[in-house]
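These notes are about the structure you will find just below.
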Amino acid sequence: MLKCLMPDPLPTSPRPGVSEMLESAAQLFKHALLKCLPAMMVGALFAEAAEIYWLATGHAPTLPLQPRDPAYYGIALAGGCLYMLVAGAILLQLRALRDGVQRPWGELFAASLARWPTLLLAWVLASVSIALGLLAFLIPGIYLVVCLTPLMPVLMFEPLSAFGTLKRCIDLVRPMWVKVLACLIIALLVVFVCMIVAGAILALLRALSGEDSGPGGNALSTTFSLLVAAVAQLFFYSLTLVIYTSASASA
């Protein structure tokens with residue numbers, strides 16, 4: 001276990017504001033970027049494995065709800081399950097880095113594997129709950145999306161069942177729901193702008209490389225997209241950890 005001190009400690013205020021939580025998330029993200037990005041790239045690869053398969057087999061890009069072949073759905077299911085395993089390990093590493101140490105990845109994956117069945121069940125329950133809330137009444141669905149923001153930290157740091165995890169998330173976020181919503185909106189806007197810039201950079205790279213189409217261009221686009229997705233996901237995991245820490249301190 002390596003000591004790895006952050007340049008600036010995270011705020012310890014029991015009731016931090018929106019700007020303070022976002023600043024803390026940005027600090028943690030910058031500190032963890034190079035240490036966690038390779039693992040997050042693997043997670044992003046698992047998450048996008050089905051789409052990569054679809055394009056690699058000569059199919060044109062399609063809308064999310066359009067039918068695909070059975071292999072696509074099998075790869076998507078396996079990739080999603082493996083992504084959760086990687087995400088759990090990354091959350092554990094982020095907490096360790098926040099506390100000033102860097103833990104071995106093998107130890108982290110073993111700990112994530114121990115929580116893997118609960119991780120999968122909780123995510124299924126959360127997805128179904130949010131979908132039902134959005135289909136029945138839009139507002140309950142949005143309320144649940146915000147309340148379940150710290151789902152991954154609660155799953156990894158507290159020995160609760162899948163049902164207990166959902167209840168714990170709601171109890172933690174309810175008193176600071178508006179702050180969490182504001183953090184998510186601002187973070188999404190920042191990521192959206194960054195993705196537009198990344199898309200422009202990718203278009204420039206493809207034009208300069210002369211691989212605007214064909215296998216070379218597709219490989220470049222896929223690699224660049226995975227990198228952007230990994231960076232964005234790492235930032236959101238940093239934010240969820242800060243939200244969980246702040247909510248726990250206020251509870």
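Letters for chains follow the order of the structure tokens (A, B, ...), residue numbers begin at 1 for each chain, and ligand numbers begin at 1 in the order shown.
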Using only C-alpha atoms, what table do you get, as a tab-separated table, when you list each residue of range 150-237 of chain A with an atom no more than 12 Å from range 99-115 of chain A, its nearest pair of atoms, and their distance in Å rounded to one decimal, rows by chain then rising number?
residue	atom	partner	partner_atom	distance
A:Met152	CA	A:Arg115	CA	10.8
A:Pro153	CA	A:Ser112	CA	11.5
A:Val154	CA	A:Arg115	CA	11.2
A:Leu155	CA	A:Arg115	CA	7.7
A:Met156	CA	A:Arg115	CA	7.0
A:Phe157	CA	A:Arg115	CA	9.9
A:Glu158	CA	A:Arg115	CA	10.2
A:Pro159	CA	A:Arg115	CA	8.8
A:Leu160	CA	A:Arg115	CA	9.9
A:Ser161	CA	A:Arg115	CA	9.9
A:Ala162	CA	A:Arg115	CA	10.2
### Message
Applying 7 Å and only C-alpha atoms, which residues near Leu234 in chain A remain after dropping the ones on its own chain fewer than 3 positions away? List them as a PyMOL selection string.
### Response
chain A and resi 29+40+230-231+237-238
Those residues you just picked out, can you put them in a file as a short mmCIF file (atom, residue, chain, number, x, y, z; two decimals), in the first residue's frame with N, CA and C atoms?
data_model
loop_
_atom_site.label_atom_id
_atom_site.label_comp_id
_atom_site.auth_asym_id
_atom_site.auth_seq_id
_atom_site.Cartn_x
_atom_site.Cartn_y
_atom_site.Cartn_z
N PHE A 29 -10.57 14.07 -8.60
CA PHE A 29 -10.46 13.61 -9.98
C PHE A 29 -9.05 13.87 -10.53
N MET A 40 -10.20 2.48 -15.53
CA MET A 40 -11.45 3.03 -16.02
C MET A 40 -11.59 2.81 -17.51
N ALA A 230 -14.10 7.18 -20.41
CA ALA A 230 -13.42 6.81 -19.16
C ALA A 230 -13.15 8.04 -18.30
N VAL A 231 -12.71 9.12 -18.90
CA VAL A 231 -12.44 10.35 -18.15
C VAL A 231 -13.73 10.89 -17.53
N TYR A 237 -17.63 9.40 -10.80
CA TYR A 237 -17.40 8.57 -9.62
C TYR A 237 -16.74 9.38 -8.51
N SER A 238 -15.86 10.29 -8.88
CA SER A 238 -15.27 11.19 -7.88
C SER A 238 -16.36 12.04 -7.23
#
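The neighbours of range 137-142 of chain A here are the residues that come within 12 Å of it, using only C-alpha atoms and leaving out any residue fewer than 3 positions away in the same chain; they are Ala126, Ser127, Val128, Ser129, Ile130, Ala131, Leu132, Gly133, Leu134, Val145, Val146, Cys147, Leu148, Thr149, Trp177, Val178, Val180, Leu181 and Leu184 of chain A.
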Limited to N, CA, C and O atoms, could you put the picked residues into a file as a PDB file, in the first residue's frame?
ATOM      1  N   ALA A 126     -32.411  -0.621  -8.914  1.00  0.00           N
ATOM      2  CA  ALA A 126     -32.389   0.826  -9.124  1.00  0.00           C
ATOM      3  C   ALA A 126     -32.883   1.179 -10.520  1.00  0.00           C
ATOM      4  O   ALA A 126     -33.674   2.117 -10.699  1.00  0.00           O
ATOM      5  N   SER A 127     -32.449   0.435 -11.524  1.00  0.00           N
ATOM      6  CA  SER A 127     -32.862   0.713 -12.904  1.00  0.00           C
ATOM      7  C   SER A 127     -34.364   0.513 -13.079  1.00  0.00           C
ATOM      8  O   SER A 127     -35.039   1.332 -13.721  1.00  0.00           O
ATOM      9  N   VAL A 128     -34.886  -0.578 -12.516  1.00  0.00           N
ATOM     10  CA  VAL A 128     -36.321  -0.836 -12.624  1.00  0.00           C
ATOM     11  C   VAL A 128     -37.119   0.246 -11.904  1.00  0.00           C
ATOM     12  O   VAL A 128     -38.132   0.747 -12.413  1.00  0.00           O
ATOM     13  N   SER A 129     -36.666   0.645 -10.711  1.00  0.00           N
ATOM     14  CA  SER A 129     -37.372   1.678  -9.941  1.00  0.00           C
ATOM     15  C   SER A 129     -37.405   3.003 -10.692  1.00  0.00           C
ATOM     16  O   SER A 129     -38.443   3.666 -10.767  1.00  0.00           O
ATOM     17  N   ILE A 130     -36.257   3.382 -11.254  1.00  0.00           N
ATOM     18  CA  ILE A 130     -36.182   4.644 -11.995  1.00  0.00           C
ATOM     19  C   ILE A 130     -37.057   4.581 -13.252  1.00  0.00           C
ATOM     20  O   ILE A 130     -37.783   5.531 -13.566  1.00  0.00           O
ATOM     21  N   ALA A 131     -37.009   3.444 -13.965  1.00  0.00           N
ATOM     22  CA  ALA A 131     -37.809   3.298 -15.180  1.00  0.00           C
ATOM     23  C   ALA A 131     -39.304   3.389 -14.872  1.00  0.00           C
ATOM     24  O   ALA A 131     -40.060   4.068 -15.579  1.00  0.00           O
ATOM     25  N   LEU A 132     -39.728   2.718 -13.801  1.00  0.00           N
ATOM     26  CA  LEU A 132     -41.135   2.790 -13.420  1.00  0.00           C
ATOM     27  C   LEU A 132     -41.537   4.204 -13.020  1.00  0.00           C
ATOM     28  O   LEU A 132     -42.626   4.676 -13.359  1.00  0.00           O
ATOM     29  N   GLY A 133     -40.634   4.887 -12.295  1.00  0.00           N
ATOM     30  CA  GLY A 133     -40.919   6.254 -11.897  1.00  0.00           C
ATOM     31  C   GLY A 133     -41.038   7.186 -13.081  1.00  0.00           C
ATOM     32  O   GLY A 133     -41.901   8.070 -13.121  1.00  0.00           O
ATOM     33  N   LEU A 134     -40.184   6.981 -14.092  1.00  0.00           N
ATOM     34  CA  LEU A 134     -40.239   7.835 -15.278  1.00  0.00           C
ATOM     35  C   LEU A 134     -41.449   7.528 -16.139  1.00  0.00           C
ATOM     36  O   LEU A 134     -42.023   8.434 -16.759  1.00  0.00           O
ATOM     37  N   VAL A 145     -33.546   9.263  -9.488  1.00  0.00           N
ATOM     38  CA  VAL A 145     -32.233   9.390 -10.128  1.00  0.00           C
ATOM     39  C   VAL A 145     -31.282  10.166  -9.232  1.00  0.00           C
ATOM     40  O   VAL A 145     -30.122   9.777  -9.027  1.00  0.00           O
ATOM     41  N   VAL A 146     -31.759  11.272  -8.680  1.00  0.00           N
ATOM     42  CA  VAL A 146     -30.917  12.096  -7.809  1.00  0.00           C
ATOM     43  C   VAL A 146     -30.624  11.366  -6.499  1.00  0.00           C
ATOM     44  O   VAL A 146     -29.476  11.344  -6.027  1.00  0.00           O
ATOM     45  N   CYS A 147     -31.644  10.746  -5.916  1.00  0.00           N
ATOM     46  CA  CYS A 147     -31.452  10.059  -4.636  1.00  0.00           C
ATOM     47  C   CYS A 147     -30.461   8.904  -4.740  1.00  0.00           C
ATOM     48  O   CYS A 147     -29.746   8.600  -3.778  1.00  0.00           O
ATOM     49  N   LEU A 148     -30.413   8.264  -5.894  1.00  0.00           N
ATOM     50  CA  LEU A 148     -29.546   7.105  -6.059  1.00  0.00           C
ATOM     51  C   LEU A 148     -28.157   7.469  -6.576  1.00  0.00           C
ATOM     52  O   LEU A 148     -27.386   6.582  -6.950  1.00  0.00           O
ATOM     53  N   THR A 149     -27.826   8.733  -6.571  1.00  0.00           N
ATOM     54  CA  THR A 149     -26.493   9.163  -7.007  1.00  0.00           C
ATOM     55  C   THR A 149     -25.372   8.467  -6.243  1.00  0.00           C
ATOM     56  O   THR A 149     -24.391   8.012  -6.852  1.00  0.00           O
ATOM     57  N   TRP A 177     -31.189  17.063  -1.266  1.00  0.00           N
ATOM     58  CA  TRP A 177     -31.583  16.678  -2.611  1.00  0.00           C
ATOM     59  C   TRP A 177     -31.337  17.791  -3.619  1.00  0.00           C
ATOM     60  O   TRP A 177     -30.822  17.548  -4.715  1.00  0.00           O
ATOM     61  N   VAL A 178     -31.693  19.005  -3.275  1.00  0.00           N
ATOM     62  CA  VAL A 178     -31.532  20.132  -4.208  1.00  0.00           C
ATOM     63  C   VAL A 178     -30.058  20.372  -4.512  1.00  0.00           C
ATOM     64  O   VAL A 178     -29.685  20.632  -5.671  1.00  0.00           O
ATOM     65  N   VAL A 180     -27.629  18.123  -4.440  1.00  0.00           N
ATOM     66  CA  VAL A 180     -27.152  17.034  -5.299  1.00  0.00           C
ATOM     67  C   VAL A 180     -27.637  17.232  -6.726  1.00  0.00           C
ATOM     68  O   VAL A 180     -26.883  17.028  -7.685  1.00  0.00           O
ATOM     69  N   LEU A 181     -28.895  17.640  -6.887  1.00  0.00           N
ATOM     70  CA  LEU A 181     -29.421  17.914  -8.229  1.00  0.00           C
ATOM     71  C   LEU A 181     -28.600  19.005  -8.910  1.00  0.00           C
ATOM     72  O   LEU A 181     -28.247  18.881 -10.092  1.00  0.00           O
ATOM     73  N   LEU A 184     -25.275  17.630 -10.070  1.00  0.00           N
ATOM     74  CA  LEU A 184     -25.411  16.786 -11.255  1.00  0.00           C
ATOM     75  C   LEU A 184     -25.636  17.613 -12.513  1.00  0.00           C
ATOM     76  O   LEU A 184     -25.055  17.329 -13.567  1.00  0.00           O
TER      77      LEU A 184
END
### Task
Excluding range 14-24 of chain A and residues on its chain fewer than 5 positions from it, collect all residues at most 7 Å away from it, counting only C-alpha atoms, and give them as a list in words.
Lys179, Ala182, Cys183, Leu239, Val242, Ile243, Ser246, Ala249 and Ser250 of chain A
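The spacing separating CA of Arg168 in chain A from CA of Ser248 in chain A amounts to 10.1 Å.
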### Query
Contacts of Leu202 in chain A at 9 Å or less, counting only C-alpha atoms, minus same-chain residues fewer than 2 places along, as a PyMOL selection string?
chain A and resi 197-200+204-207+220-221+224-225
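Note that CA of Ala122 in chain A and CA of Leu172 in chain A are 16.4 Å apart.
Between CA of Leu28 in chain A and CA of Ala247 in chain A the separation is 17.0 Å.
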### Task
Mind checking which residues fall within 7 Å of Phe46 in chain A, counting only C-alpha atoms, ignoring those fewer than 6 positions away in the same chain, and posting them as a ChimeraX atom specification?
/A:79-80,82-83
Put those residues in a file: N, CA, C and O atoms, as a compact mmCIF listing (two decimals), in the first residue's frame.
# COMPACT_ATOMS: atom_id res chain seq x y z
N GLY A 79 -20.73 -7.57 -20.66
CA GLY A 79 -19.95 -6.35 -20.50
C GLY A 79 -20.45 -5.49 -19.34
O GLY A 79 -19.66 -4.93 -18.59
N GLY A 80 -21.78 -5.41 -19.19
CA GLY A 80 -22.33 -4.65 -18.08
C GLY A 80 -21.96 -5.24 -16.73
O GLY A 80 -21.63 -4.51 -15.78
N LEU A 82 -19.29 -7.11 -16.04
CA LEU A 82 -17.86 -6.88 -15.80
C LEU A 82 -17.58 -5.41 -15.49
O LEU A 82 -16.68 -5.10 -14.70
N TYR A 83 -18.34 -4.52 -16.12
CA TYR A 83 -18.17 -3.09 -15.82
C TYR A 83 -18.43 -2.81 -14.35
O TYR A 83 -17.71 -2.02 -13.72
### Task
Counting only C-alpha atoms, figure out which residue out of A:Ala26, A:Val190, A:Leu226, A:Ala89 gets nearest to Leu45 in chain A.
A:Leu226
### Query
Pick the closest to Cys81 in chain A from A:Gly164, A:Pro67, A:Pro117, A:Pro150: which is it, counting only C-alpha atoms?
A:Pro117
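Between Val42 in chain A and the residues A:Leu85, A:Ala56, A:Ile75, A:Leu166, the shortest atom-to-atom distance, using only C-alpha atoms, involves A:Leu85.
For the residues A:Cys169, A:Leu55, A:Ala232, A:Ala76, ranking by smallest atom-to-atom distance to Phe192 in chain A using only C-alpha atoms places A:Ala232 first.
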#### Entry: In range 28-231 of chain A, DSSP alpha helix (DSSP H) residues written as a VMD selection string
chain A and resid 28 to 47 49 to 56 70 to 98 105 to 114 116 to 136 138 to 147 151 to 157 162 to 173 177 to 209 214 to 231
